[in-house]
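Okay, start12.csv now, which holds CSV, C-alpha atoms:
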chain,number,residue,atom,x,y,z
A,264,MET,CA,7.8,8.6,-16.0
A,265,ASN,CA,5.1,11.1,-17.0
A,266,ILE,CA,1.7,9.7,-16.2
A,267,ASN,CA,-1.5,11.7,-16.4
A,268,ASN,CA,0.6,14.9,-16.7
A,269,SER,CA,2.5,14.1,-13.4
A,270,TYR,CA,5.9,12.6,-12.9
A,271,VAL,CA,5.7,9.2,-11.2
A,272,ASN,CA,9.0,7.9,-9.7
A,273,TYR,CA,9.6,4.2,-9.4
A,274,VAL,CA,12.4,1.6,-9.1
A,275,ARG,CA,12.5,-1.7,-11.0
A,276,TYR,CA,14.9,-4.5,-10.3
A,277,GLY,CA,15.1,-8.2,-9.8
A,278,LYS,CA,14.4,-10.8,-12.6
A,279,ILE,CA,12.6,-9.0,-15.4
A,280,GLY,CA,10.6,-11.6,-17.3
A,281,GLU,CA,9.4,-13.3,-14.2
A,282,LYS,CA,6.1,-12.5,-12.4
A,283,THR,CA,6.0,-8.9,-11.4
A,284,ILE,CA,5.5,-7.8,-7.8
A,285,VAL,CA,4.2,-4.2,-7.5
A,286,LEU,CA,4.6,-2.6,-4.0
A,287,LEU,CA,2.6,0.4,-2.9
A,288,HIS,CA,3.6,2.3,0.3
A,289,GLY,CA,1.3,4.0,2.9
A,290,TRP,CA,0.3,7.6,3.4
A,291,GLY,CA,3.1,10.1,3.8
A,292,GLN,CA,5.8,7.5,3.0
A,293,ASN,CA,7.9,6.5,0.0
A,294,ILE,CA,9.6,3.7,-1.9
A,295,GLU,CA,12.0,2.9,1.0
A,296,MET,CA,9.2,1.6,3.2
A,297,MET,CA,8.5,-1.3,0.8
A,298,ARG,CA,12.0,-2.0,-0.2
A,299,PRO,CA,12.6,-4.6,2.6
A,300,ILE,CA,9.8,-6.7,1.1
A,301,GLY,CA,11.2,-6.3,-2.4
A,302,GLU,CA,14.7,-7.3,-1.4
A,303,HIS,CA,13.4,-10.8,-0.4
A,304,PHE,CA,12.1,-11.5,-3.9
A,305,VAL,CA,14.9,-10.0,-5.9
A,306,LYS,CA,16.2,-13.4,-7.1
A,307,THR,CA,12.8,-14.8,-8.1
A,308,ASN,CA,10.6,-11.9,-9.3
A,309,ASP,CA,10.5,-8.7,-11.2
A,310,ILE,CA,10.1,-6.0,-8.6
A,311,ILE,CA,8.5,-2.6,-9.1
A,312,ILE,CA,8.1,-0.1,-6.1
A,313,ILE,CA,6.3,3.1,-6.8
A,314,ASP,CA,6.4,6.5,-5.1
A,315,LEU,CA,2.7,7.4,-5.1
A,316,PRO,CA,2.0,10.8,-6.6
A,317,GLY,CA,2.6,13.4,-3.9
A,318,TYR,CA,5.3,11.5,-2.1
A,319,GLY,CA,8.9,10.6,-2.4
A,320,GLU,CA,10.3,11.8,-5.7
A,321,SER,CA,6.9,11.7,-7.5
A,322,SER,CA,5.3,15.0,-8.2
A,323,GLU,CA,2.1,16.1,-6.6
A,324,PRO,CA,-1.0,15.4,-8.6
A,325,ASN,CA,-2.4,18.4,-10.5
A,326,PHE,CA,-5.8,17.8,-9.0
A,327,ALA,CA,-7.1,16.1,-5.9
A,328,TYR,CA,-6.8,12.4,-6.8
A,329,SER,CA,-9.4,9.9,-5.6
A,330,VAL,CA,-8.5,6.4,-4.7
A,331,GLU,CA,-9.7,5.4,-8.2
A,332,ASP,CA,-7.5,8.0,-9.8
A,333,TYR,CA,-4.5,6.5,-7.9
A,334,ALA,CA,-5.4,3.1,-9.1
A,335,ASP,CA,-5.8,4.3,-12.7
A,336,CYS,CA,-2.4,6.1,-12.4
A,337,ILE,CA,-0.7,2.8,-11.3
A,338,HIS,CA,-2.5,0.9,-14.1
A,339,ASN,CA,-1.3,3.4,-16.7
A,340,LEU,CA,2.3,3.2,-15.4
A,341,LEU,CA,2.3,-0.6,-15.5
A,342,GLU,CA,0.9,-0.5,-19.1
A,343,GLU,CA,3.7,1.7,-20.1
A,344,LEU,CA,6.1,-0.8,-18.5
A,345,GLY,CA,4.5,-3.7,-20.3
A,346,VAL,CA,3.2,-5.3,-17.0
A,347,LYS,CA,0.0,-7.3,-17.0
A,348,LYS,CA,-1.7,-9.0,-14.1
A,349,PRO,CA,0.8,-8.0,-11.4
A,350,ILE,CA,1.1,-9.4,-8.0
A,351,LEU,CA,0.0,-6.4,-6.1
A,352,MET,CA,1.1,-5.7,-2.5
A,353,GLY,CA,0.0,-2.5,-0.6
A,354,HIS,CA,0.3,-1.2,2.9
A,355,SER,CA,-2.4,1.0,4.5
A,356,PHE,CA,-3.2,3.8,2.0
A,357,GLY,CA,-1.3,1.8,-0.7
A,358,GLY,CA,-3.5,-1.2,0.3
A,359,LYS,CA,-6.7,0.8,-0.2
A,360,ILE,CA,-5.5,1.7,-3.7
A,361,SER,CA,-4.6,-2.0,-4.2
A,362,LEU,CA,-8.1,-3.0,-3.3
A,363,PHE,CA,-9.6,-0.6,-5.8
A,364,TYR,CA,-7.1,-1.6,-8.4
A,365,ALA,CA,-7.9,-5.3,-8.0
A,366,SER,CA,-11.7,-4.6,-8.2
A,367,LYS,CA,-11.2,-2.8,-11.6
A,368,TYR,CA,-8.2,-4.5,-13.2
A,369,GLU,CA,-6.7,-8.0,-13.4
A,370,VAL,CA,-4.1,-9.0,-10.8
A,371,GLU,CA,-2.4,-12.3,-10.3
A,372,LYS,CA,-2.6,-12.2,-6.5
A,373,LEU,CA,-3.3,-9.5,-3.9
A,374,VAL,CA,-1.5,-8.9,-0.6
A,375,LEU,CA,-2.7,-6.3,1.9
A,376,PHE,CA,-0.8,-5.1,4.9
A,377,ALA,CA,-3.2,-3.4,7.3
A,378,SER,CA,-5.3,-1.8,4.6
A,379,PRO,CA,-8.5,0.2,5.3
A,380,TYR,CA,-11.5,0.0,3.1
A,381,CYS,CA,-14.1,2.1,4.9
A,382,PRO,CA,-14.1,5.1,7.2
A,383,GLU,CA,-13.1,4.8,10.8
A,384,LYS,CA,-15.0,6.8,13.4
A,385,GLU,CA,-12.1,9.1,14.0
A,386,LYS,CA,-11.3,9.9,10.4
A,387,ILE,CA,-8.5,12.5,10.3
A,388,SER,CA,-6.9,11.2,13.5
A,389,LEU,CA,-6.0,8.0,11.5
A,390,LYS,CA,-2.9,9.8,10.2
A,391,VAL,CA,-1.8,10.6,13.8
A,392,LYS,CA,-2.4,7.0,14.9
A,393,ILE,CA,-0.3,5.8,11.9
A,394,LEU,CA,2.6,8.1,12.7
A,395,LYS,CA,2.6,7.2,16.4
A,396,SER,CA,2.7,3.5,15.6
A,397,LEU,CA,5.5,4.1,13.1
A,398,LYS,CA,7.8,5.4,15.8
A,399,LYS,CA,7.6,2.0,17.6
A,400,VAL,CA,9.0,0.0,14.7
A,401,PRO,CA,12.6,-1.1,15.5
A,402,ILE,CA,13.5,-2.0,11.9
A,403,LEU,CA,13.2,1.6,10.8
A,404,ASN,CA,16.5,2.3,12.6
A,405,LYS,CA,18.1,-0.1,10.1
A,406,LEU,CA,16.7,1.5,7.0
A,407,GLU,CA,18.3,4.2,4.9
A,408,GLY,CA,18.4,7.8,6.2
A,409,THR,CA,16.0,8.8,3.5
A,410,VAL,CA,13.2,6.9,5.3
A,411,LYS,CA,13.7,8.9,8.5
A,412,LYS,CA,13.9,12.1,6.5
A,413,HIS,CA,10.6,11.6,4.6
A,414,ILE,CA,8.3,9.5,6.7
A,415,GLY,CA,5.6,11.5,8.3
A,416,SER,CA,7.0,14.7,6.9
A,417,ILE,CA,3.6,15.6,5.3
A,418,ASP,CA,0.7,15.3,7.6
A,419,TYR,CA,-2.7,17.0,7.4
A,420,ARG,CA,-1.5,20.2,9.1
A,421,ASN,CA,1.5,20.8,6.9
A,422,ALA,CA,0.2,19.3,3.7
A,423,THR,CA,-0.6,21.4,0.6
A,424,PRO,CA,-4.3,22.0,-0.1
A,425,ILE,CA,-4.5,19.3,-2.7
A,426,MET,CA,-2.9,16.7,-0.5
A,427,ARG,CA,-5.3,17.7,2.3
A,428,GLU,CA,-8.2,17.2,0.0
A,429,ILE,CA,-6.8,13.8,-1.1
A,430,LEU,CA,-6.5,12.8,2.6
A,431,VAL,CA,-10.1,13.7,3.4
A,432,LYS,CA,-11.4,12.1,0.3
A,433,THR,CA,-9.5,8.9,1.0
A,434,VAL,CA,-10.4,8.4,4.7
A,435,ASN,CA,-14.0,9.2,4.0
A,436,LEU,CA,-14.3,6.8,1.1
A,437,ASP,CA,-16.1,3.4,1.6
A,438,ILE,CA,-15.1,0.9,-1.1
A,439,THR,CA,-17.1,-2.0,0.2
A,440,ASN,CA,-18.9,-2.5,-3.1
A,441,GLU,CA,-15.7,-2.5,-5.0
A,442,VAL,CA,-14.0,-5.0,-2.6
A,443,ARG,CA,-16.8,-7.5,-3.3
A,444,LYS,CA,-15.8,-7.6,-7.0
A,445,ILE,CA,-12.3,-8.8,-6.2
A,446,LYS,CA,-11.6,-12.3,-7.7
A,447,ALA,CA,-7.9,-12.7,-7.1
A,448,PRO,CA,-6.5,-14.8,-4.3
A,449,THR,CA,-5.9,-12.4,-1.4
A,450,LEU,CA,-3.7,-12.5,1.6
A,451,LEU,CA,-4.4,-10.2,4.5
A,452,ILE,CA,-1.5,-9.6,6.9
A,453,TRP,CA,-2.2,-7.7,10.2
A,454,GLY,CA,-0.8,-7.0,13.6
A,455,ASP,CA,-3.2,-7.7,16.5
A,456,LEU,CA,-2.2,-4.4,18.2
A,457,ASP,CA,-2.9,-2.2,15.1
A,458,THR,CA,-4.7,0.8,16.4
A,459,ALA,CA,-4.7,2.7,13.0
A,460,VAL,CA,-6.6,0.0,11.1
A,461,PRO,CA,-7.9,-2.5,13.7
A,462,LEU,CA,-7.7,-6.2,13.2
A,463,LYS,CA,-11.5,-6.5,12.8
A,464,ARG,CA,-11.1,-4.9,9.3
A,465,ALA,CA,-9.0,-7.9,8.2
A,466,TYR,CA,-11.8,-10.3,9.1
A,467,GLU,CA,-14.4,-8.1,7.4
A,468,LEU,CA,-12.3,-8.1,4.3
A,469,GLU,CA,-11.9,-11.8,4.5
A,470,LYS,CA,-15.7,-12.2,4.3
A,471,LEU,CA,-16.1,-9.6,1.5
A,472,ILE,CA,-13.4,-11.2,-0.8
A,473,LYS,CA,-14.3,-14.5,-2.4
A,474,ASP,CA,-10.8,-16.1,-1.9
A,475,ALA,CA,-9.1,-14.5,1.0
A,476,GLY,CA,-7.2,-15.5,4.2
A,477,VAL,CA,-5.9,-13.7,7.3
A,478,VAL,CA,-2.5,-14.0,8.9
A,479,VAL,CA,-2.2,-12.3,12.3
A,480,TYR,CA,1.0,-11.5,14.1
A,481,GLU,CA,0.7,-11.2,17.9
A,482,GLY,CA,2.3,-8.0,19.2
A,483,GLY,CA,2.3,-6.5,15.7
A,484,THR,CA,1.3,-2.9,15.1
A,485,HIS,CA,0.3,-1.1,12.0
A,486,TYR,CA,3.7,-2.0,10.7
A,487,ALA,CA,3.6,-5.7,11.4
A,488,TYR,CA,5.0,-6.5,8.0
A,489,LEU,CA,8.2,-4.8,9.0
A,490,GLU,CA,8.2,-5.9,12.6
A,491,PHE,CA,7.9,-9.5,11.5
A,492,LEU,CA,9.7,-9.2,8.2
A,493,LEU,CA,11.3,-12.7,8.0
A,494,PRO,CA,8.2,-14.7,8.9
A,495,VAL,CA,6.0,-12.4,6.7
A,496,CYS,CA,8.3,-13.1,3.7
A,497,LYS,CA,8.1,-16.8,4.3
A,498,VAL,CA,4.4,-16.6,4.3
A,499,LEU,CA,4.5,-14.5,1.2
A,500,LYS,CA,6.7,-17.0,-0.6
A,501,ASN,CA,4.3,-19.8,0.2
A,502,PHE,CA,1.3,-17.8,-0.9
A,503,LEU,CA,3.0,-16.8,-4.2
A,504,GLY,CA,4.0,-20.4,-4.9
Can you turn what I pasted into structure tokens?
Amino acid sequence: MNINNSYVNYVRYGKIGEKTIVLLHGWGQNIEMMRPIGEHFVKTNDIIIIDLPGYGESSEPNFAYSVEDYADCIHNLLEELGVKKPILMGHSFGGKISLFYASKYEVEKLVLFASPYCPEKEKISLKVKILKSLKKVPILNKLEGTVKKHIGSIDYRNATPIMREILVKTVNLDITNEVRKIKAPTLLIWGDLDTAVPLKRAYELEKLIKDAGVVVYEGGTHYAYLEFLLPVCKVLKNFLG
């Protein structure tokens, strides 16, 4: 679909007419990284998974998007699809977009998987940490070949000038004030061994968001939501009601 003069790729399946779950992947990834979550709700929910602009089969933005630009893009896409108050789930970069989205637009519920909201001391090295932790996730061996082909294929060194600028803008952005505006019930899912976005960020977010709770998986990395897929989905089902 053409949104803001850019093509945005998405998949939609499940029970259209039921509550819509929107899934946003992390930096340098694509739809396939969130499909394992979507598959667990295919019988009960309307599922939308989006290739964020610049990744997967979506075109690159025609200017350096800010986190807010990404949130607006998602909102415009959902409006075109007739979706209001989605259940929004985001991992890492997709989680930061989800936080901004929920601070600006209505969401039914919010789920964050290892989502940053403020700069880390080692800013650009965040990408390296994420890619290193990705290689340790056993479930990736079971996913489709497209995942292995695309994950981590665009890092800072090889990215286009626009995507480099987007990366720098994203990791340097502090959205603490926006996070405080979130009213939706929020679930924070983290691994205690996450070195890309440390567990302390989850507890900080819990304090910043009015209605939030943290679930921690011992031994989980930045990809705890995949490493502990079945128990995570059980928690999600309870949270969604």
Selected residue of minimal separation from A:Pro324 among A:Lys348, A:Lys359, A:Arg427, A:Lys306, counting all atoms listed in the file: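 Residue with the minimum atom-to-atom distance to A:Pro324: A:Arg427.
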Coordinates-based distance that separates atom CA of A:Ala334 from atom CA of A:Tyr364 (Å, one decimal):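 Here the two named atoms are 5.0 Å from each other.
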Residues at most 9 Å from stretch 449-456 of chain A, counting only C-alpha atoms, excluding those fewer than 4 positions away in the same chain, as number ranges by chain? A: 372-378, 445, 460-462, 465-466, 468-469, 472-488, 495, 499, 502
How would the residues just chosen look if you wrote them out with C-alpha atoms as a short mmCIF file (atom, residue, chain, number, x, y, z; two decimals), in the coordinates of the input?
data_model
loop_
_atom_site.label_atom_id
_atom_site.label_comp_id
_atom_site.auth_asym_id
_atom_site.auth_seq_id
_atom_site.Cartn_x
_atom_site.Cartn_y
_atom_site.Cartn_z
CA LYS A 372 -2.60 -12.20 -6.50
CA LEU A 373 -3.30 -9.50 -3.90
CA VAL A 374 -1.50 -8.90 -0.60
CA LEU A 375 -2.70 -6.30 1.90
CA PHE A 376 -0.80 -5.10 4.90
CA ALA A 377 -3.20 -3.40 7.30
CA SER A 378 -5.30 -1.80 4.60
CA ILE A 445 -12.30 -8.80 -6.20
CA VAL A 460 -6.60 0.00 11.10
CA PRO A 461 -7.90 -2.50 13.70
CA LEU A 462 -7.70 -6.20 13.20
CA ALA A 465 -9.00 -7.90 8.20
CA TYR A 466 -11.80 -10.30 9.10
CA LEU A 468 -12.30 -8.10 4.30
CA GLU A 469 -11.90 -11.80 4.50
CA ILE A 472 -13.40 -11.20 -0.80
CA LYS A 473 -14.30 -14.50 -2.40
CA ASP A 474 -10.80 -16.10 -1.90
CA ALA A 475 -9.10 -14.50 1.00
CA GLY A 476 -7.20 -15.50 4.20
CA VAL A 477 -5.90 -13.70 7.30
CA VAL A 478 -2.50 -14.00 8.90
CA VAL A 479 -2.20 -12.30 12.30
CA TYR A 480 1.00 -11.50 14.10
CA GLU A 481 0.70 -11.20 17.90
CA GLY A 482 2.30 -8.00 19.20
CA GLY A 483 2.30 -6.50 15.70
CA THR A 484 1.30 -2.90 15.10
CA HIS A 485 0.30 -1.10 12.00
CA TYR A 486 3.70 -2.00 10.70
CA ALA A 487 3.60 -5.70 11.40
CA TYR A 488 5.00 -6.50 8.00
CA VAL A 495 6.00 -12.40 6.70
CA LEU A 499 4.50 -14.50 1.20
CA PHE A 502 1.30 -17.80 -0.90
#
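Taking only C-alpha atoms into account, A:Lys497 lies nearest to A:His303 out of the set A:Ile312, A:Glu281, A:His303, A:Leu287.
Counting all atoms listed in the file and comparing A:Ile300, A:Val346, A:Val274, A:Val305, the residue that lies closest to A:Glu320 is A:Val274.
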